[in-house]
Amino acid sequence: MGFLDFDTDALAELQQTNTRGGVPAGVYEVIIKSVQERATKSGSENTNFDFVIRNDIQQPRQNAHIFIPFWHSKLEEKETQQKTGLYISELKAGKTTFSLSDSDLKEVKKEFNLASALNNAHLNTDGKALREFNTKEDAMNSLIGKPLRIKVSARDNEYNGETTIQNSLFPNNITKTSAPQVNHTWEAGKEPVVPSGSGNPFAGATDVDISNADLPF
């Protein structure tokens, strides 16, 4: 999961869901309404977050949705974990240059940076890190309904002759909420719903010799 500019298929898919056309660039206090796995027609996979701007805080665009896809590493699962382990070990050693190629480092950071940001935002009130959940699905579902603070950028996007605002979000612009007491009011029937767990879209991960304590996710 990581930030990447959208390819044509991704833009088309996101445009179909982002019916409110995005929001102006800025900092917003939001609630995570849903987290879903998606794939474009070209096969690029992402984890799509639906952030809702809180209405219990004085801020622009209350109740608006901000849809952000974080793109998965293009490396195989086992390779991603192995190279993430190497990256983490070199970070711990204080290195500022890394053994991984620039392209592999970019792919590893897609997974690492988002998980680190979510952990650092303290979204799980019981203090449980994402890596402590039994499955990645459980970890992502644990974020639903949680508040955080995000700084989004915006750009004009033209699709099918219509220009709308396209939002994007770097993981390092995900931070802990400044208002942990949530009194957001949801419209009837539009409250966040945690999936029942029928089927695991994250199944298939391969175990490698990396300590869980070394992984942020």
# chains A, B, ... in the order shown; residues from 1 in each chain; ligands from 1
call {"tool": "residues_around", "arguments": {"residues": "Thr175 in chain A", "least_positions_apart": "5", "cutoff": "9 Å", "atoms": "only C-alpha atoms", "output": "MDAnalysis selection string"}}
result
chainID A and resid 117:118 120:122 148:151
call {"tool": "write_last_selection", "arguments": {"atoms": "N, CA, C and O atoms", "output": "mmCIF file, in the first residue's frame"}}
result
data_model
loop_
_atom_site.group_PDB
_atom_site.id
_atom_site.type_symbol
_atom_site.label_atom_id
_atom_site.label_comp_id
_atom_site.auth_asym_id
_atom_site.auth_seq_id
_atom_site.Cartn_x
_atom_site.Cartn_y
_atom_site.Cartn_z
ATOM 1 N N ALA A 117 2.700 5.116 9.198
ATOM 2 C CA ALA A 117 1.904 6.312 9.472
ATOM 3 C C ALA A 117 0.653 5.979 10.259
ATOM 4 O O ALA A 117 0.288 6.687 11.204
ATOM 5 N N LEU A 118 -0.023 4.897 9.898
ATOM 6 C CA LEU A 118 -1.242 4.506 10.596
ATOM 7 C C LEU A 118 -0.938 4.106 12.034
ATOM 8 O O LEU A 118 -1.684 4.449 12.962
ATOM 9 N N ASN A 120 1.615 5.206 13.812
ATOM 10 C CA ASN A 120 2.030 6.413 14.525
ATOM 11 C C ASN A 120 0.855 7.330 14.845
ATOM 12 O O ASN A 120 0.936 8.155 15.758
ATOM 13 N N ALA A 121 -0.236 7.176 14.080
ATOM 14 C CA ALA A 121 -1.419 8.000 14.337
ATOM 15 C C ALA A 121 -2.239 7.458 15.503
ATOM 16 O O ALA A 121 -3.241 8.059 15.890
ATOM 17 N N HIS A 122 -1.816 6.326 16.066
ATOM 18 C CA HIS A 122 -2.471 5.742 17.239
ATOM 19 C C HIS A 122 -3.973 5.540 17.007
ATOM 20 O O HIS A 122 -4.798 5.909 17.848
ATOM 21 N N LEU A 148 -8.598 10.587 12.454
ATOM 22 C CA LEU A 148 -7.224 11.004 12.240
ATOM 23 C C LEU A 148 -7.221 12.362 11.550
ATOM 24 O O LEU A 148 -8.263 12.911 11.206
ATOM 25 N N ARG A 149 -6.036 12.880 11.359
ATOM 26 C CA ARG A 149 -5.850 14.190 10.735
ATOM 27 C C ARG A 149 -5.041 13.973 9.456
ATOM 28 O O ARG A 149 -4.005 13.305 9.491
ATOM 29 N N ILE A 150 -5.526 14.508 8.339
ATOM 30 C CA ILE A 150 -4.823 14.311 7.078
ATOM 31 C C ILE A 150 -4.633 15.647 6.358
ATOM 32 O O ILE A 150 -5.441 16.558 6.490
ATOM 33 N N LYS A 151 -3.555 15.724 5.614
ATOM 34 C CA LYS A 151 -3.287 16.887 4.771
ATOM 35 C C LYS A 151 -3.314 16.413 3.327
ATOM 36 O O LYS A 151 -2.402 15.691 2.885
#
call {"tool": "select_by_dssp", "arguments": {"residues": "range 54-189 of chain A", "states": "alpha helix (DSSP H)", "output": "PyMOL selection string"}}
result
chain A and resi 77-92+102-120+136-141
call {"tool": "closest_residue", "arguments": {"among": "A:Pro180, A:Leu169, A:Asp138, A:Pro147", "to": "Gly26 in chain A", "atoms": "only C-alpha atoms"}}
result
A:Leu169
call {"tool": "closest_residue", "arguments": {"among": "A:Ser103, A:Asn113, A:Gly145, A:Lys78", "to": "Asn183 in chain A", "atoms": "only C-alpha atoms"}}
result
A:Gly145
call {"tool": "select_by_dssp", "arguments": {"residues": "range 24-207 of chain A", "states": "strand (DSSP E or B)", "output": "ChimeraX atom specification"}}
result
/A:26-39,45-53,65-71,147-159,162-168,174-175
call {"tool": "closest_residue", "arguments": {"among": "A:Asn134, A:His184, A:Ile144, A:Thr84", "to": "Asp50 in chain A", "atoms": "only C-alpha atoms"}}
result
A:Ile144
call {"tool": "residues_around", "arguments": {"residues": "Glu107 in chain A", "least_positions_apart": "5", "cutoff": "12 Å", "atoms": "only C-alpha atoms", "output": "ChimeraX atom specification"}}
result
/A:1-4,70-77,79-81,83-84,87,100-102,112-114
call {"tool": "residues_around", "arguments": {"residues": "range 152-164 of chain A", "least_positions_apart": "2", "cutoff": "7 Å", "atoms": "only C-alpha atoms", "output": "MDAnalysis selection string"}}
result
chainID A and resid 21 24:27 150 166:169
call {"tool": "write_last_selection", "arguments": {"atoms": "C-alpha atoms", "output": "PDB file, in the first residue's frame"}}
result
ATOM      1  CA  GLY A  21     -15.592  15.470  -6.968  1.00  0.00           C
ATOM      2  CA  PRO A  24      -9.828  21.629  -1.886  1.00  0.00           C
ATOM      3  CA  ALA A  25      -6.273  21.021  -0.700  1.00  0.00           C
ATOM      4  CA  GLY A  26      -5.897  21.418   3.044  1.00  0.00           C
ATOM      5  CA  VAL A  27      -5.792  19.796   6.464  1.00  0.00           C
ATOM      6  CA  ILE A 150      -4.823  14.311   7.078  1.00  0.00           C
ATOM      7  CA  GLN A 166      -8.633  14.870  -7.686  1.00  0.00           C
ATOM      8  CA  ASN A 167      -7.259  14.412  -4.161  1.00  0.00           C
ATOM      9  CA  SER A 168      -4.078  12.621  -3.159  1.00  0.00           C
ATOM     10  CA  LEU A 169      -2.431  11.882   0.158  1.00  0.00           C
TER      11      LEU A 169
END
call {"tool": "closest_residue", "arguments": {"among": "A:Val30, A:Val194, A:Arg131, A:Trp186", "to": "Gln59 in chain A", "atoms": "only C-alpha atoms"}}
result
A:Val30
call {"tool": "closest_residue", "arguments": {"among": "A:Ile32, A:Pro69, A:Asn119, A:Glu111", "to": "Ser44 in chain A", "atoms": "only C-alpha atoms"}}
result
A:Pro69
call {"tool": "closest_residue", "arguments": {"among": "A:Lys110, A:Val182, A:Glu137, A:Ser142", "to": "Glu45 in chain A", "atoms": "only C-alpha atoms"}}
result
A:Lys110
call {"tool": "atom_distance", "arguments": {"atom1": "CA of Lys146 in chain A", "atom2": "CA of Asn63 in chain A"}}
result
14.9 Å
call {"tool": "atom_distance", "arguments": {"atom1": "CA of Phe49 in chain A", "atom2": "CA of Leu130 in chain A"}}
result
16.0 Å
call {"tool": "atom_distance", "arguments": {"atom1": "CA of Val52 in chain A", "atom2": "CA of Ile66 in chain A"}}
result
6.3 Å
